[in-house]
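Everything on this sheet refers to the single structure shown next.
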Amino acid sequence: MSVNIKKTNQELLNQQEQRESNARSYPRRFPLAIQEAEGVYITDVEGNRYIDCLAGAGTLALGHNHPVVIEAMEKVLHDRLPLHTLDLTTEVKEQFVDELFASLPEGFRDRAKVQFCGPTGGDAVEAALKLAKTATGRQSILTFQGGYHGSTHGTMSVSGNLAAKKRVQGLVPDTHFLPYPYDYRCPFGKGGRKGAEINAVYIEQLLDDPESGILPPAAMIFETVQGEGGSIPASIEWLQEMRRITKERGIPLIIDEVQTGIGRTGKLFSFEHAGIIPDAFVLSKAIGGSLPLSVVVYDRDLDSWEPGAHIGTFRGNQMAMAAGTATLKYVKEQNLSLHAQKMGEKLINSLKELQRLYPQLGDVRGRGLMVGVEIVDPSGTAVLNGSYPADPELTNRIQKSCFDRGLILECGGRHGAVLRFLPPLIITEEQIETVVSILKKAIAASVKE
């Protein structure tokens, strides 16, 4: 009789290291092997329990193994529905589109078209850029410093991170990076409303300058809250200005909602905070109810594609569509967008209390449950509008100390010096308090080192 000998975290990590590529990332920061997961918690193979404030990089809107998601998946299997359909339609697919379109703001839903893409947000961004270039006949793309849109060749080209690009040659040409309204490290040295105003004026004048060096753009793309860039929210006024500027000049505006969408920021779609409607927006992560799914939703005026202009084998993931429909319905029925807003406010206020105790917390920011804390060296020289140098070493120590105490947080932003909070939208006040309590202990221990 064979005996199943349970392996330790380290044994499984060693096995993973031997067999997986050197590109793996999360296991280096979170040295565990997951055994089970429920709600906001995961448990490793040794029985250690963690609060998961990474949540699949924002994928798990309802947390791990939520009953409505499990029920939707089980129904697909029980009814012997097809799991893979390319872009052939089914009732499951039509129900997903019905729910998605019913969720759109007035003025958009009656004009909307949807393109199902490959399973990642990166593929949907690629599709959106191709769509805009096809519709306009132009080639220049306007994107933003600090933005992140994926790790494919095209999406890397429109993302700000330099480290990923250093060894990849021949990125997409005619890609132009504009300054993002990063309040704490304002590129114009102002910050606040004034910094955002200067930013918008700069962009508008650039587009009207006959010697700017930039041909009329095919599209502008950005995140309303930069995710991997460090949980940086653009001001509402700046978002409204970008919509005005692009609309007046006939430039399609693409908003990347891969991480911000489906209630994360306190609205179902983050652009709703500004009361604007983009020409196209991209959804992935939470829209699949924890399973791989991505779509582009766009104004029908852009729909000048020929059949087969953007394809992908796994664009017909029926189980993801069923899970996504269930997730979208639940988020709306339970008003989880409002809950995310309230929990985000509680988290930010609690973090600002910690900021008063620890000047190493240079900036606390976010929108809804997309929150960042920028860790700095307050003994360094303040620059621009009073921001201190980033302290990635301390950030890493705090992250590790949190992990050792049962809290999983991601790092990101410039120099990897931002602690990022992306918990499931179902997180409770009590769990927020536990998160902050753990973080406080981790900061105290890390600052002393």
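Ordered as shown in the structure tokens, chains take letters A, B, and onward, while each chain numbers its residues from 1 and ligands are numbered from 1 in the order shown.
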
Secondary structure check, strand (DSSP E) residues of stretch 268-339 of chain A, as a ChimeraX atom specification:
/A:280-283,295-299

Do a neighbour search on A:Leu100 at 10 Å with only C-alpha atoms, toss out local chain neighbours closer than 2 positions, and write the hits as JSON, numbers by chain.
{"A": [94, 95, 96, 97, 98, 102, 103, 104, 109, 114, 287, 297, 324, 325, 328, 329]}

Keeping N, CA and C atoms for every residue in the selection just given, could you write it to a file as a PDB file, in the first residue's frame?
ATOM      1  N   GLU A  94     -24.205  34.522 -24.033  1.00  0.00           N
ATOM      2  CA  GLU A  94     -25.177  35.613 -24.200  1.00  0.00           C
ATOM      3  C   GLU A  94     -25.622  36.175 -22.856  1.00  0.00           C
ATOM      4  N   GLN A  95     -25.741  35.322 -21.850  1.00  0.00           N
ATOM      5  CA  GLN A  95     -26.088  35.797 -20.509  1.00  0.00           C
ATOM      6  C   GLN A  95     -24.981  36.678 -19.946  1.00  0.00           C
ATOM      7  N   PHE A  96     -23.731  36.307 -20.213  1.00  0.00           N
ATOM      8  CA  PHE A  96     -22.604  37.133 -19.767  1.00  0.00           C
ATOM      9  C   PHE A  96     -22.659  38.509 -20.419  1.00  0.00           C
ATOM     10  N   VAL A  97     -22.882  38.541 -21.731  1.00  0.00           N
ATOM     11  CA  VAL A  97     -22.935  39.817 -22.438  1.00  0.00           C
ATOM     12  C   VAL A  97     -24.121  40.649 -21.959  1.00  0.00           C
ATOM     13  N   ASP A  98     -25.266  39.994 -21.731  1.00  0.00           N
ATOM     14  CA  ASP A  98     -26.433  40.704 -21.193  1.00  0.00           C
ATOM     15  C   ASP A  98     -26.076  41.409 -19.877  1.00  0.00           C
ATOM     16  N   ALA A 102     -25.722  45.437 -19.378  1.00  0.00           N
ATOM     17  CA  ALA A 102     -26.645  46.057 -18.416  1.00  0.00           C
ATOM     18  C   ALA A 102     -25.900  46.828 -17.341  1.00  0.00           C
ATOM     19  N   SER A 103     -24.605  46.536 -17.155  1.00  0.00           N
ATOM     20  CA  SER A 103     -23.795  47.197 -16.136  1.00  0.00           C
ATOM     21  C   SER A 103     -23.162  48.487 -16.633  1.00  0.00           C
ATOM     22  N   LEU A 104     -23.222  48.735 -17.939  1.00  0.00           N
ATOM     23  CA  LEU A 104     -22.564  49.903 -18.515  1.00  0.00           C
ATOM     24  C   LEU A 104     -23.350  51.173 -18.215  1.00  0.00           C
ATOM     25  N   ARG A 109     -24.170  51.834 -23.095  1.00  0.00           N
ATOM     26  CA  ARG A 109     -24.656  50.464 -23.309  1.00  0.00           C
ATOM     27  C   ARG A 109     -25.343  50.270 -24.652  1.00  0.00           C
ATOM     28  N   VAL A 114     -18.571  44.278 -28.041  1.00  0.00           N
ATOM     29  CA  VAL A 114     -17.604  43.584 -27.201  1.00  0.00           C
ATOM     30  C   VAL A 114     -16.779  42.631 -28.057  1.00  0.00           C
ATOM     31  N   ILE A 287     -13.320  40.075 -13.990  1.00  0.00           N
ATOM     32  CA  ILE A 287     -14.474  39.834 -14.861  1.00  0.00           C
ATOM     33  C   ILE A 287     -14.693  38.350 -15.119  1.00  0.00           C
ATOM     34  N   VAL A 297     -14.531  46.321 -24.457  1.00  0.00           N
ATOM     35  CA  VAL A 297     -15.844  46.918 -24.691  1.00  0.00           C
ATOM     36  C   VAL A 297     -15.594  48.267 -25.357  1.00  0.00           C
ATOM     37  N   GLY A 324     -18.003  34.675 -14.293  1.00  0.00           N
ATOM     38  CA  GLY A 324     -17.996  36.127 -14.407  1.00  0.00           C
ATOM     39  C   GLY A 324     -19.381  36.729 -14.271  1.00  0.00           C
ATOM     40  N   THR A 325     -20.375  36.086 -14.889  1.00  0.00           N
ATOM     41  CA  THR A 325     -21.760  36.557 -14.749  1.00  0.00           C
ATOM     42  C   THR A 325     -22.199  36.518 -13.288  1.00  0.00           C
ATOM     43  N   LEU A 328     -20.360  39.337 -11.354  1.00  0.00           N
ATOM     44  CA  LEU A 328     -20.886  40.662 -11.680  1.00  0.00           C
ATOM     45  C   LEU A 328     -22.240  40.887 -11.023  1.00  0.00           C
ATOM     46  N   LYS A 329     -23.112  39.876 -11.090  1.00  0.00           N
ATOM     47  CA  LYS A 329     -24.425  39.992 -10.445  1.00  0.00           C
ATOM     48  C   LYS A 329     -24.286  40.189  -8.942  1.00  0.00           C
TER      49      LYS A 329
END

Please give the complete set of residues from stretch 147-245 of chain A that DSSP, run on the backbone, assigns to alpha helix (DSSP H), formatted as a PyMOL selection string.
chain A and resi 153-157+192-208+236-245

Do you know which residues are at most 12 Å from A:Leu83 counting only C-alpha atoms, after dropping those on the same chain fewer than 2 positions away, and could you put them as a PDB file with C-alpha atoms, in the first residue's frame?
ATOM      1  CA  MET A  73     -18.872  26.557 -12.237  1.00  0.00           C
ATOM      2  CA  GLU A  74     -20.567  23.406 -10.992  1.00  0.00           C
ATOM      3  CA  LYS A  75     -23.691  24.170 -13.032  1.00  0.00           C
ATOM      4  CA  VAL A  76     -21.653  24.330 -16.241  1.00  0.00           C
ATOM      5  CA  LEU A  77     -20.199  20.905 -15.465  1.00  0.00           C
ATOM      6  CA  HIS A  78     -23.488  19.402 -14.281  1.00  0.00           C
ATOM      7  CA  ASP A  79     -25.345  20.545 -17.401  1.00  0.00           C
ATOM      8  CA  ARG A  80     -22.610  19.115 -19.641  1.00  0.00           C
ATOM      9  CA  LEU A  81     -22.165  22.476 -21.326  1.00  0.00           C
ATOM     10  CA  THR A  85     -16.270  27.240 -28.040  1.00  0.00           C
ATOM     11  CA  LEU A  86     -13.828  29.600 -29.798  1.00  0.00           C
ATOM     12  CA  ASP A  87     -16.169  32.515 -30.612  1.00  0.00           C
ATOM     13  CA  LEU A  88     -19.262  30.416 -31.279  1.00  0.00           C
ATOM     14  CA  THR A  89     -22.079  31.616 -29.063  1.00  0.00           C
ATOM     15  CA  THR A  90     -23.973  29.818 -26.309  1.00  0.00           C
ATOM     16  CA  VAL A  92     -23.903  31.120 -21.176  1.00  0.00           C
ATOM     17  CA  LYS A  93     -22.065  33.590 -23.379  1.00  0.00           C
ATOM     18  CA  PHE A 314      -9.203  30.426 -25.648  1.00  0.00           C
ATOM     19  CA  ARG A 315     -11.593  33.351 -26.126  1.00  0.00           C
ATOM     20  CA  GLY A 316     -14.543  30.992 -25.591  1.00  0.00           C
ATOM     21  CA  ASN A 317     -13.968  30.022 -21.942  1.00  0.00           C
ATOM     22  CA  GLN A 318     -17.540  29.138 -20.965  1.00  0.00           C
ATOM     23  CA  MET A 319     -16.844  28.379 -17.318  1.00  0.00           C
ATOM     24  CA  ALA A 320     -15.167  31.773 -16.922  1.00  0.00           C
ATOM     25  CA  MET A 321     -18.172  33.461 -18.511  1.00  0.00           C
ATOM     26  CA  ALA A 322     -20.527  31.692 -16.107  1.00  0.00           C
TER      27      ALA A 322
END

Near A:Leu129, counting only C-alpha atoms, which residues have an atom at most 12 Å away, once you skip same-chain residues fewer than 5 positions from it, shown as number ranges by chain?
A: 122-124, 134-143, 149, 154-155, 157-158, 172, 175, 217-222, 252-256, 279-282, 296, 298, 302, 310

Given the selection you just returned, output its residues as a file containing N, CA and C atoms, formatted as a CSV table (one decimal), in the first residue's frame.
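part28.csv, written as the output of this step:
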chain,number,residue,atom,x,y,z
A,122,GLY,N,-3.5,41.4,-21.0
A,122,GLY,CA,-2.6,41.8,-22.0
A,122,GLY,C,-3.1,41.6,-23.4
A,123,ASP,N,-3.7,40.5,-23.7
A,123,ASP,CA,-4.2,40.3,-25.0
A,123,ASP,C,-5.4,41.2,-25.4
A,124,ALA,N,-6.2,41.6,-24.4
A,124,ALA,CA,-7.2,42.6,-24.6
A,124,ALA,C,-6.7,43.9,-24.9
A,134,THR,N,-6.7,50.4,-36.5
A,134,THR,CA,-7.5,50.0,-37.7
A,134,THR,C,-8.6,51.1,-37.9
A,135,ALA,N,-9.3,51.5,-36.9
A,135,ALA,CA,-10.4,52.5,-37.1
A,135,ALA,C,-9.9,53.9,-37.5
A,136,THR,N,-8.7,54.3,-37.1
A,136,THR,CA,-8.2,55.6,-37.4
A,136,THR,C,-7.3,55.7,-38.6
A,137,GLY,N,-6.7,54.5,-38.9
A,137,GLY,CA,-5.6,54.5,-39.9
A,137,GLY,C,-4.4,55.2,-39.5
A,138,ARG,N,-4.2,55.4,-38.2
A,138,ARG,CA,-3.0,56.1,-37.6
A,138,ARG,C,-2.2,55.1,-36.9
A,139,GLN,N,-1.0,55.5,-36.5
A,139,GLN,CA,-0.1,54.6,-35.8
A,139,GLN,C,0.5,55.0,-34.5
A,140,SER,N,0.5,56.3,-34.2
A,140,SER,CA,1.1,56.7,-32.9
A,140,SER,C,0.2,56.4,-31.7
A,141,ILE,N,0.8,56.0,-30.6
A,141,ILE,CA,0.0,55.7,-29.4
A,141,ILE,C,0.5,56.6,-28.3
A,142,LEU,N,-0.4,57.2,-27.6
A,142,LEU,CA,0.0,58.0,-26.4
A,142,LEU,C,-0.3,57.2,-25.1
A,143,THR,N,0.7,57.0,-24.3
A,143,THR,CA,0.6,56.3,-23.1
A,143,THR,C,1.3,57.1,-22.0
A,149,HIS,N,0.5,47.7,-18.7
A,149,HIS,CA,-0.6,47.2,-19.5
A,149,HIS,C,-0.4,45.7,-19.9
A,154,GLY,N,3.7,43.9,-27.4
A,154,GLY,CA,3.0,45.2,-27.6
A,154,GLY,C,2.7,45.9,-26.3
A,155,THR,N,2.2,45.2,-25.3
A,155,THR,CA,1.8,45.8,-24.1
A,155,THR,C,3.0,46.3,-23.3
A,157,SER,N,5.5,47.5,-24.7
A,157,SER,CA,5.9,48.7,-25.4
A,157,SER,C,5.2,50.0,-24.9
A,158,VAL,N,3.9,49.8,-24.4
A,158,VAL,CA,3.2,50.9,-23.9
A,158,VAL,C,3.2,51.0,-22.4
A,172,VAL,N,7.4,48.2,-30.1
A,172,VAL,CA,6.5,48.9,-31.0
A,172,VAL,C,6.9,50.4,-31.2
A,175,THR,N,5.4,55.0,-30.1
A,175,THR,CA,4.8,54.9,-28.7
A,175,THR,C,5.4,56.1,-27.9
A,217,PRO,N,-2.4,60.9,-33.1
A,217,PRO,CA,-2.4,59.6,-32.5
A,217,PRO,C,-3.6,58.7,-32.9
A,218,ALA,N,-3.3,57.4,-32.9
A,218,ALA,CA,-4.4,56.5,-33.0
A,218,ALA,C,-5.2,56.3,-31.8
A,219,ALA,N,-4.6,56.5,-30.6
A,219,ALA,CA,-5.2,56.3,-29.3
A,219,ALA,C,-4.4,56.9,-28.2
A,220,MET,N,-5.1,57.1,-27.1
A,220,MET,CA,-4.5,57.4,-25.8
A,220,MET,C,-4.9,56.3,-24.9
A,221,ILE,N,-4.0,55.7,-24.1
A,221,ILE,CA,-4.4,54.6,-23.2
A,221,ILE,C,-3.8,54.9,-21.8
A,222,PHE,N,-4.6,54.7,-20.7
A,222,PHE,CA,-4.1,54.8,-19.4
A,222,PHE,C,-5.0,54.1,-18.4
A,252,PRO,N,-9.2,58.3,-30.1
A,252,PRO,CA,-9.9,57.3,-29.2
A,252,PRO,C,-9.2,57.2,-27.9
A,253,LEU,N,-10.0,57.2,-26.8
A,253,LEU,CA,-9.5,57.0,-25.5
A,253,LEU,C,-9.8,55.6,-25.0
A,254,ILE,N,-8.7,54.9,-24.7
A,254,ILE,CA,-8.8,53.5,-24.1
A,254,ILE,C,-8.4,53.6,-22.7
A,255,ILE,N,-9.3,53.1,-21.8
A,255,ILE,CA,-9.0,53.0,-20.4
A,255,ILE,C,-8.8,51.5,-20.0
A,256,ASP,N,-7.7,51.3,-19.4
A,256,ASP,CA,-7.3,49.9,-18.9
A,256,ASP,C,-8.0,49.7,-17.6
A,279,ASP,N,-13.8,55.7,-25.3
A,279,ASP,CA,-14.2,55.0,-26.5
A,279,ASP,C,-14.1,53.5,-26.4
A,280,ALA,N,-13.2,53.1,-25.6
A,280,ALA,CA,-13.0,51.6,-25.3
A,280,ALA,C,-12.4,51.4,-24.0
A,281,PHE,N,-12.7,50.3,-23.3
A,281,PHE,CA,-12.1,49.9,-22.1
A,281,PHE,C,-11.9,48.4,-22.1
A,282,VAL,N,-10.9,48.1,-21.3
A,282,VAL,CA,-10.4,46.7,-21.3
A,282,VAL,C,-10.7,46.1,-19.9
A,296,VAL,N,-12.7,43.4,-24.6
A,296,VAL,CA,-12.6,44.9,-24.9
A,296,VAL,C,-14.1,45.3,-25.1
A,298,TYR,N,-16.3,48.5,-26.5
A,298,TYR,CA,-15.9,49.7,-27.2
A,298,TYR,C,-17.2,50.3,-27.9
A,302,LEU,N,-16.0,52.5,-33.7
A,302,LEU,CA,-14.7,51.9,-33.9
A,302,LEU,C,-14.7,50.6,-34.6
A,310,HIS,N,-8.9,39.9,-35.0
A,310,HIS,CA,-8.3,39.6,-33.7
A,310,HIS,C,-8.9,38.3,-33.2

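With only C-alpha atoms as the basis for measurement, A:Leu361 is the residue among A:Ala127, A:Leu361, A:Leu407, A:Ala417 that approaches A:Ala444 most closely.
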
Please provide as a PyMOL selection string all residues within 8 Å of A:Ile232, with the sequence filter that same-chain residues fewer than 3 positions apart are discarded (counting only C-alpha atoms).
chain A and resi 182+225-227+229+365-366+372

With N, CA and C atoms kept, could you save the residues just selected as a PDB file, in the first residue's frame?
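Result went into again05.pdb, see below:
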ATOM      1  N   TYR A 182       1.162  62.177 -10.870  1.00  0.00           N
ATOM      2  CA  TYR A 182       1.655  61.466  -9.694  1.00  0.00           C
ATOM      3  C   TYR A 182       1.842  62.508  -8.592  1.00  0.00           C
ATOM      4  N   VAL A 225      -6.285  54.521 -12.084  1.00  0.00           N
ATOM      5  CA  VAL A 225      -5.420  54.339 -10.917  1.00  0.00           C
ATOM      6  C   VAL A 225      -4.300  53.421 -11.365  1.00  0.00           C
ATOM      7  N   GLN A 226      -3.091  53.929 -11.420  1.00  0.00           N
ATOM      8  CA  GLN A 226      -1.983  53.078 -11.850  1.00  0.00           C
ATOM      9  C   GLN A 226      -1.759  51.991 -10.811  1.00  0.00           C
ATOM     10  N   GLY A 227      -1.778  50.740 -11.266  1.00  0.00           N
ATOM     11  CA  GLY A 227      -1.650  49.609 -10.360  1.00  0.00           C
ATOM     12  C   GLY A 227      -0.217  49.262 -10.061  1.00  0.00           C
ATOM     13  N   GLY A 229       2.280  50.560 -11.147  1.00  0.00           N
ATOM     14  CA  GLY A 229       3.027  51.808 -11.004  1.00  0.00           C
ATOM     15  C   GLY A 229       3.048  52.346  -9.592  1.00  0.00           C
ATOM     16  N   ARG A 365      -2.161  56.537  -0.289  1.00  0.00           N
ATOM     17  CA  ARG A 365      -3.041  56.966  -1.381  1.00  0.00           C
ATOM     18  C   ARG A 365      -3.853  55.778  -1.909  1.00  0.00           C
ATOM     19  N   GLY A 366      -4.830  56.094  -2.729  1.00  0.00           N
ATOM     20  CA  GLY A 366      -5.598  55.038  -3.356  1.00  0.00           C
ATOM     21  C   GLY A 366      -7.014  55.473  -3.652  1.00  0.00           C
ATOM     22  N   GLY A 372      -2.147  52.162  -1.780  1.00  0.00           N
ATOM     23  CA  GLY A 372      -0.696  52.041  -1.731  1.00  0.00           C
ATOM     24  C   GLY A 372      -0.093  52.895  -0.635  1.00  0.00           C
TER      25      GLY A 372
END

My list of candidates is A:Pro423, A:Asn385, A:Val447, A:Val40. Which is closest to A:Gly191 when distances are computed with only C-alpha atoms?
A:Asn385

Distance query A:Asp363 at most 12 Å, only C-alpha atoms, self and fewer than 5 positions along chain excluded, as JSON, numbers by chain
{"A": [182, 183, 184, 185, 230, 231, 232, 348, 351, 352, 353, 354, 355, 356, 358, 371, 372, 373, 374, 375, 376, 377, 378, 386, 387, 388, 389, 390, 417, 418, 419, 420]}

Quote the spacing between atom CA of A:Lys6 and atom CA of A:Leu54 in Å to one decimal place.
26.3 Å

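Proximity of A:Phe421, A:Phe403, A:Tyr330, A:Phe108 to A:Asn48, computed with only C-alpha atoms, is greatest for A:Phe403.
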
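Closest approach to A:Glu410 among A:Pro82, A:Gly312, A:Pro27, A:Gly170 is made by A:Pro27 (distances from only C-alpha atoms).
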
Could you check which of A:Leu13, A:Leu439, A:Leu369, A:Ala112 is closest to A:Thr265, using only C-alpha atoms?
A:Leu369

For A:Cys53, please output as a ChimeraX atom specification all residues within 12 Å (counting only C-alpha atoms; exclusion window: fewer than 3 positions along the same chain).
/A:39-42,50,56-61,63-64,347,369-372,399,402-403,406-411,419-427,431-432,434-436,439

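Among the candidate residues A:Arg414, A:Arg367, A:Arg243, A:Lys441, the one lying nearest to A:Phe269 is A:Arg367, with distances computed using only C-alpha atoms.
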
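Going from atom CA of A:Phe116 to atom CA of A:Arg264 covers 21.6 Å.
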